[in-house]
file data.cif (mmCIF, C-alpha atoms and all ligand atoms)
data_query
#
loop_
_atom_site.group_PDB
_atom_site.id
_atom_site.type_symbol
_atom_site.label_atom_id
_atom_site.label_comp_id
_atom_site.auth_asym_id
_atom_site.auth_seq_id
_atom_site.Cartn_x
_atom_site.Cartn_y
_atom_site.Cartn_z
ATOM 1 C CA MET A 1 -0.949 -60.992 28.857
ATOM 2 C CA ASN A 2 -2.977 -58.572 30.953
ATOM 3 C CA PRO A 3 -5.437 -56.833 28.581
ATOM 4 C CA ALA A 4 -5.163 -53.520 30.420
ATOM 5 C CA ALA A 5 -6.388 -51.273 27.607
ATOM 6 C CA VAL A 6 -9.356 -53.569 26.836
ATOM 7 C CA ILE A 7 -10.490 -53.552 30.470
ATOM 8 C CA ALA A 8 -9.948 -49.808 30.857
ATOM 9 C CA LEU A 9 -11.799 -48.813 27.671
ATOM 10 C CA ALA A 10 -14.621 -51.321 28.219
ATOM 11 C CA ASN A 11 -15.240 -49.898 31.704
ATOM 12 C CA LEU A 12 -14.640 -46.237 30.852
ATOM 13 C CA GLN A 13 -18.321 -45.356 30.444
ATOM 14 C CA ARG A 14 -19.763 -47.875 32.905
ATOM 15 C CA ARG A 15 -21.234 -46.661 36.146
ATOM 16 C CA ARG A 16 -19.054 -46.669 39.285
ATOM 17 C CA ARG A 17 -19.999 -46.631 42.925
ATOM 18 C CA TRP A 18 -19.254 -42.948 43.397
ATOM 19 C CA ASP A 19 -21.257 -41.813 40.347
ATOM 20 C CA THR A 20 -24.356 -39.835 41.161
ATOM 21 C CA ALA A 21 -25.395 -39.473 37.523
ATOM 22 C CA PRO A 22 -24.776 -41.574 34.407
ATOM 23 C CA ARG A 23 -21.110 -41.491 33.422
ATOM 24 C CA ALA A 24 -20.239 -39.230 30.529
ATOM 25 C CA PRO A 25 -16.446 -38.957 30.546
ATOM 26 C CA LEU A 26 -16.268 -38.363 26.800
ATOM 27 C CA LEU A 27 -18.502 -35.293 26.539
ATOM 28 C CA ASN A 28 -15.602 -32.864 26.479
ATOM 29 C CA LEU A 29 -11.862 -32.930 25.895
ATOM 30 C CA PRO A 30 -10.650 -32.334 29.478
ATOM 31 C CA GLY A 31 -12.981 -35.074 30.737
ATOM 32 C CA ALA A 32 -11.779 -37.523 28.091
ATOM 33 C CA ARG A 33 -8.119 -36.753 28.821
ATOM 34 C CA ARG A 34 -8.705 -37.194 32.543
ATOM 35 C CA ALA A 35 -10.526 -40.486 31.996
ATOM 36 C CA LEU A 36 -7.750 -41.921 29.809
ATOM 37 C CA ALA A 37 -4.930 -40.675 32.041
ATOM 38 C CA GLY A 38 -6.745 -42.067 35.081
ATOM 39 C CA GLU A 39 -6.516 -45.507 33.472
ATOM 40 C CA GLY A 40 -2.855 -45.087 32.559
ATOM 41 C CA LEU A 41 -3.680 -44.755 28.853
ATOM 42 C CA PRO A 42 -1.972 -42.193 26.592
ATOM 43 C CA ALA A 43 -4.009 -39.039 26.016
ATOM 44 C CA ASP A 44 -1.276 -37.010 24.297
ATOM 45 C CA GLY A 45 -2.397 -35.384 21.089
ATOM 46 C CA LEU A 46 -6.077 -36.117 21.697
ATOM 47 C CA THR A 47 -8.245 -33.378 20.178
ATOM 48 C CA GLN A 48 -11.913 -32.451 20.270
ATOM 49 C CA ASP A 49 -12.283 -34.002 16.806
ATOM 50 C CA ASP A 50 -11.145 -37.392 18.164
ATOM 51 C CA LEU A 51 -13.950 -37.636 20.739
ATOM 52 C CA PRO A 52 -16.619 -39.256 18.510
ATOM 53 C CA ALA A 53 -14.103 -41.902 17.400
ATOM 54 C CA LEU A 54 -13.038 -42.451 21.010
ATOM 55 C CA ALA A 55 -16.674 -43.000 22.027
ATOM 56 C CA ARG A 56 -17.118 -45.507 19.176
ATOM 57 C CA LEU A 57 -13.939 -47.280 20.258
ATOM 58 C CA CYS A 58 -15.145 -47.531 23.877
ATOM 59 C CA ASP A 59 -18.548 -48.859 22.785
ATOM 60 C CA ALA A 60 -16.974 -51.465 20.490
ATOM 61 C CA VAL A 61 -14.408 -52.626 23.059
ATOM 62 C CA SER A 62 -17.112 -52.729 25.732
ATOM 63 C CA GLU A 63 -19.362 -54.878 23.548
ATOM 64 C CA LEU A 64 -16.565 -57.268 22.541
ATOM 65 C CA GLY A 65 -15.397 -57.542 26.154
ATOM 66 C CA ASP A 66 -18.918 -58.560 27.204
ATOM 67 C CA CYS A 67 -19.146 -61.062 24.328
ATOM 68 C CA LEU A 68 -15.948 -62.782 25.444
ATOM 69 C CA ALA A 69 -16.731 -62.632 29.162
ATOM 70 C CA LEU A 70 -20.273 -63.966 28.674
ATOM 71 C CA ARG A 71 -19.239 -66.569 26.059
ATOM 72 C CA ARG A 72 -21.279 -64.981 23.296
ATOM 73 C CA LEU A 73 -20.163 -64.842 19.691
ATOM 74 C CA PRO A 74 -18.092 -61.680 19.147
ATOM 75 C CA ALA A 75 -20.253 -59.023 17.483
ATOM 76 C CA SER A 76 -18.984 -58.561 13.942
ATOM 77 C CA GLN A 77 -20.108 -54.928 13.796
ATOM 78 C CA ALA A 78 -17.911 -54.073 16.784
ATOM 79 C CA VAL A 79 -15.022 -55.962 15.153
ATOM 80 C CA GLY A 80 -15.574 -53.808 12.062
ATOM 81 C CA VAL A 81 -15.384 -50.609 14.128
ATOM 82 C CA LEU A 82 -11.981 -51.625 15.551
ATOM 83 C CA ASN A 83 -10.691 -52.545 12.100
ATOM 84 C CA GLU A 84 -11.847 -49.227 10.710
ATOM 85 C CA LEU A 85 -10.378 -47.142 13.558
ATOM 86 C CA ALA A 86 -6.978 -48.869 13.346
ATOM 87 C CA SER A 87 -6.853 -48.963 9.551
ATOM 88 C CA GLY A 88 -4.314 -46.098 9.320
ATOM 89 C CA CYS A 89 -1.756 -47.776 11.610
ATOM 90 C CA THR A 90 1.362 -49.007 9.861
ATOM 91 C CA GLY A 91 4.106 -51.235 11.191
ATOM 92 C CA THR A 92 7.745 -51.476 10.184
ATOM 93 C CA THR A 93 9.662 -54.632 11.033
ATOM 94 C CA GLN A 94 13.135 -54.199 12.416
ATOM 95 C CA LEU A 95 15.754 -56.825 13.146
ATOM 96 C CA SER A 96 18.212 -55.991 15.899
ATOM 97 C CA VAL A 97 21.138 -57.675 17.623
ATOM 98 C CA SER A 98 20.715 -58.527 21.292
ATOM 99 C CA GLY A 99 23.887 -60.130 22.650
ATOM 100 C CA HIS A 100 24.309 -63.327 20.631
ATOM 101 C CA ALA A 101 20.668 -63.362 19.555
ATOM 102 C CA LEU A 102 18.587 -61.550 16.968
ATOM 103 C CA ARG A 103 15.303 -59.902 17.880
ATOM 104 C CA GLY A 104 12.487 -58.965 15.545
ATOM 105 C CA ASN A 105 10.508 -55.877 16.444
ATOM 106 C CA VAL A 106 7.568 -54.064 14.930
ATOM 107 C CA ASP A 107 7.683 -50.284 15.116
ATOM 108 C CA TRP A 108 4.135 -48.922 15.014
ATOM 109 C CA ARG A 109 3.145 -45.596 13.569
ATOM 110 C CA ASP A 110 -0.365 -44.498 14.547
ATOM 111 C CA PRO A 111 -2.070 -41.648 12.672
ATOM 112 C CA ASP A 112 -3.899 -40.432 15.806
ATOM 113 C CA PRO A 113 -4.311 -41.427 19.480
ATOM 114 C CA VAL A 114 -7.616 -43.254 18.939
ATOM 115 C CA ALA A 115 -6.107 -45.365 16.135
ATOM 116 C CA GLY A 116 -3.233 -46.224 18.484
ATOM 117 C CA LEU A 117 -5.663 -47.295 21.215
ATOM 118 C CA ALA A 118 -7.684 -49.340 18.718
ATOM 119 C CA ARG A 119 -4.511 -51.114 17.555
ATOM 120 C CA ARG A 120 -3.483 -51.837 21.124
ATOM 121 C CA THR A 121 -6.864 -53.344 22.040
ATOM 122 C CA MET A 122 -6.755 -55.491 18.888
ATOM 123 C CA GLN A 123 -3.385 -56.872 19.952
ATOM 124 C CA GLU A 124 -4.721 -57.533 23.450
ATOM 125 C CA PHE A 125 -7.892 -59.239 22.172
ATOM 126 C CA ASP A 126 -5.734 -61.460 19.987
ATOM 127 C CA GLY A 127 -3.802 -62.988 22.853
ATOM 128 C CA VAL A 128 -6.261 -62.771 25.724
ATOM 129 C CA ASP A 129 -7.104 -65.817 27.850
ATOM 130 C CA THR A 130 -10.892 -65.442 27.602
ATOM 131 C CA SER A 131 -11.493 -67.765 30.562
ATOM 132 C CA ARG A 132 -9.955 -65.051 32.760
ATOM 133 C CA LEU A 133 -12.056 -62.237 31.313
ATOM 134 C CA ARG A 134 -15.191 -61.785 33.445
ATOM 135 C CA GLN A 135 -17.932 -59.478 34.579
ATOM 136 C CA CYS A 136 -18.112 -58.633 38.261
ATOM 137 C CA GLN A 137 -20.551 -61.040 39.953
ATOM 138 C CA ARG A 138 -22.053 -58.446 42.235
ATOM 139 C CA GLU A 139 -25.513 -57.840 40.844
ATOM 140 C CA GLU A 140 -25.321 -54.041 40.926
ATOM 141 C CA CYS A 141 -21.955 -53.959 39.141
ATOM 142 C CA ASP A 142 -21.167 -54.834 35.552
ATOM 143 C CA LEU A 143 -17.493 -53.854 35.394
ATOM 144 C CA LEU A 144 -15.228 -56.163 33.433
ATOM 145 C CA PHE A 145 -12.053 -57.487 35.017
ATOM 146 C CA PHE A 146 -9.195 -59.812 34.190
ATOM 147 C CA ASP A 147 -8.691 -62.561 36.765
ATOM 148 C CA ARG A 148 -4.971 -62.834 37.434
ATOM 149 C CA THR A 149 -5.262 -65.178 40.420
ATOM 150 C CA ARG A 150 -3.513 -68.525 40.133
ATOM 151 C CA SER A 151 -6.703 -70.306 41.243
ATOM 152 C CA ARG A 152 -8.872 -68.429 38.704
ATOM 153 C CA THR A 153 -11.487 -67.792 41.374
ATOM 154 C CA GLN A 154 -11.768 -64.005 41.456
ATOM 155 C CA ARG A 155 -15.462 -63.062 41.502
ATOM 156 C CA TRP A 156 -15.507 -59.306 42.053
ATOM 157 C CA HIS A 157 -13.856 -56.633 39.975
ATOM 158 C CA ALA A 158 -12.288 -55.448 43.229
ATOM 159 C CA GLU A 159 -12.508 -56.206 46.951
ATOM 160 C CA ASN A 160 -13.421 -52.572 47.537
ATOM 161 C CA PRO A 161 -16.307 -52.165 47.220
ATOM 162 C CA CYS A 162 -17.799 -55.267 45.577
ATOM 163 C CA GLY A 163 -16.205 -58.143 47.521
ATOM 164 C CA TRP A 164 -16.731 -56.310 50.769
ATOM 165 C CA LEU A 165 -20.397 -55.473 50.037
ATOM 166 C CA GLU A 166 -21.203 -59.019 48.922
ATOM 167 C CA ARG A 167 -19.772 -60.547 52.099
ATOM 168 C CA GLN A 168 -21.710 -58.015 54.145
ATOM 169 C CA ARG A 169 -24.905 -58.962 52.299
ATOM 170 C CA ARG A 170 -24.325 -62.665 52.968
ATOM 171 C CA ARG A 171 -23.701 -62.069 56.657
ATOM 172 C CA ARG A 172 -26.992 -60.199 56.832
ATOM 173 C CA ALA A 173 -28.844 -62.959 54.971
ATOM 174 C CA HIS A 174 -27.564 -65.565 57.448
ATOM 175 C CA SER A 175 -28.342 -63.657 60.624
HETATM 176 ZN ZN ZN A 201 -17.790 -54.884 40.909
#

call {"tool": "encode", "arguments": {"input": "data.cif", "output": "structure tokens"}}
result
Amino acid sequence: MNPAAVIALANLQRRRRWDTAPRAPLLNLPGARRALAGEGLPADGLTQDDLPALARLCDAVSELGDCLALRRLPASQAVGVLNELASGCTGTTQLSVSGHALRGNVDWRDPDPVAGLARRTMQEFDGVDTSRLRQCQREECDLLFFDRTRSRTQRWHAENPCGWLERQRRRRAHS
């Protein structure tokens, strides 16, 4: 499973190449909505009051993502934050008929958008292949990524700019 929400939330406040100042996407509501929507995450129903919880969620997911990527023990305080934020989510199990088979489904009800995001990251953390969860190996970049290559050899969070800049640096070092 591709842990898309984990990667997106972990990287949300990390510095990008085009940033001229420290990233602060969660300072106001329009910025937070833009940041979530830009990552393909639901921002519907997000209010000003949700922003502190959203910042805590991003910090916790970011810390846990680093723990897994760097093979450190998961920080129990960050685990506690996720548990607290998702504590209002309730699930209802439903059995349905699909052709000649039966399918079990859980219908989730989330009290607010941040709780829904917390629940989703918990589900992603549960099934994630941690050997594919890594930090970009370019020194100036600490973005997390999920290596989906068959060979498991992806080193940069993206070719543009990190892979490209690293190869350029090596060419310079050899000339
Ligand atoms: Zn990178």

call {"tool": "residues_near_ligand", "arguments": {"input": "data.cif", "ligand": "ligand ZN 201 (chain A)", "cutoff": "12 Å", "atoms": "all atoms listed in the file", "output": "PyMOL selection string"}}
result
chain A and resi 11+14-17+134-146+154-166

call {"tool": "atom_distance", "arguments": {"input": "data.cif", "atom1": "CA of Asn105 in chain A", "atom2": "CA of Arg120 in chain A"}}
result
15.3 Å

call {"tool": "residues_around", "arguments": {"input": "data.cif", "residues": "Pro113 in chain A", "least_positions_apart": "4", "cutoff": "12 Å", "atoms": "only C-alpha atoms", "output": "list in words"}}
result
Arg33, Leu36, Leu41, Pro42, Ala43, Asp44, Gly45, Leu46, Thr47, Gln48, Asp49, Asp50, Leu51, Ala53, Leu54, Leu57, Leu85, Ala86, Gly88, Cys89, Arg109, Leu117, Ala118, Arg119 and Arg120 of chain A

call {"tool": "atom_distance", "arguments": {"input": "data.cif", "atom1": "CA of Arg34 in chain A", "atom2": "CA of Val106 in chain A"}}
result
29.3 Å

call {"tool": "axis_aligned_box", "arguments": {"input": "data.cif", "around": "range 33-52 of chain A", "padding_each_side": "5 Å", "output": "AutoDock Vina command-line options"}}
result
--center_x -8.9 --center_y -39.0 --center_z 25.9 --size_x 25.3 --size_y 23.1 --size_z 28.3

call {"tool": "residues_near_point", "arguments": {"input": "data.cif", "point": "(-14.1, -48.0, 22.2)", "cutoff": "10 Å", "atoms": "only C-alpha atoms", "output": "PDB file with C-alpha atoms, in the frame of the given file"}}
result
ATOM      1  CA  ALA A   5      -6.388 -51.273  27.607  1.00  0.00           C
ATOM      2  CA  VAL A   6      -9.356 -53.569  26.836  1.00  0.00           C
ATOM      3  CA  ALA A   8      -9.948 -49.808  30.857  1.00  0.00           C
ATOM      4  CA  LEU A   9     -11.799 -48.813  27.671  1.00  0.00           C
ATOM      5  CA  ALA A  10     -14.621 -51.321  28.219  1.00  0.00           C
ATOM      6  CA  ASN A  11     -15.240 -49.898  31.704  1.00  0.00           C
ATOM      7  CA  LEU A  12     -14.640 -46.237  30.852  1.00  0.00           C
ATOM      8  CA  GLN A  13     -18.321 -45.356  30.444  1.00  0.00           C
ATOM      9  CA  PRO A  52     -16.619 -39.256  18.510  1.00  0.00           C
ATOM     10  CA  ALA A  53     -14.103 -41.902  17.400  1.00  0.00           C
ATOM     11  CA  LEU A  54     -13.038 -42.451  21.010  1.00  0.00           C
ATOM     12  CA  ALA A  55     -16.674 -43.000  22.027  1.00  0.00           C
ATOM     13  CA  ARG A  56     -17.118 -45.507  19.176  1.00  0.00           C
ATOM     14  CA  LEU A  57     -13.939 -47.280  20.258  1.00  0.00           C
ATOM     15  CA  CYS A  58     -15.145 -47.531  23.877  1.00  0.00           C
ATOM     16  CA  ASP A  59     -18.548 -48.859  22.785  1.00  0.00           C
ATOM     17  CA  ALA A  60     -16.974 -51.465  20.490  1.00  0.00           C
ATOM     18  CA  VAL A  61     -14.408 -52.626  23.059  1.00  0.00           C
ATOM     19  CA  SER A  62     -17.112 -52.729  25.732  1.00  0.00           C
ATOM     20  CA  GLU A  63     -19.362 -54.878  23.548  1.00  0.00           C
ATOM     21  CA  LEU A  64     -16.565 -57.268  22.541  1.00  0.00           C
ATOM     22  CA  ALA A  78     -17.911 -54.073  16.784  1.00  0.00           C
ATOM     23  CA  VAL A  81     -15.384 -50.609  14.128  1.00  0.00           C
ATOM     24  CA  LEU A  82     -11.981 -51.625  15.551  1.00  0.00           C
ATOM     25  CA  LEU A  85     -10.378 -47.142  13.558  1.00  0.00           C
ATOM     26  CA  VAL A 114      -7.616 -43.254  18.939  1.00  0.00           C
ATOM     27  CA  LEU A 117      -5.663 -47.295  21.215  1.00  0.00           C
ATOM     28  CA  ALA A 118      -7.684 -49.340  18.718  1.00  0.00           C
ATOM     29  CA  THR A 121      -6.864 -53.344  22.040  1.00  0.00           C
TER      30      THR A 121
END

call {"tool": "atom_distance", "arguments": {"input": "data.cif", "atom1": "CA of Cys67 in chain A", "atom2": "CA of Glu84 in chain A"}}
result
19.5 Å

call {"tool": "resolve_selection", "arguments": {"input": "data.cif", "expression": "the PyMOL selection byres (((chain A and resi 128) around 8) and not hetatm)", "output": "ChimeraX atom specification"}}
result
/A:1-3,124-127,129-130

call {"tool": "closest_residue", "arguments": {"input": "data.cif", "among": "A:Gly91, A:Gly65, A:Gly80, A:Gly104", "to": "Leu133 in chain A", "atoms": "all atoms listed in the file"}}
result
A:Gly65
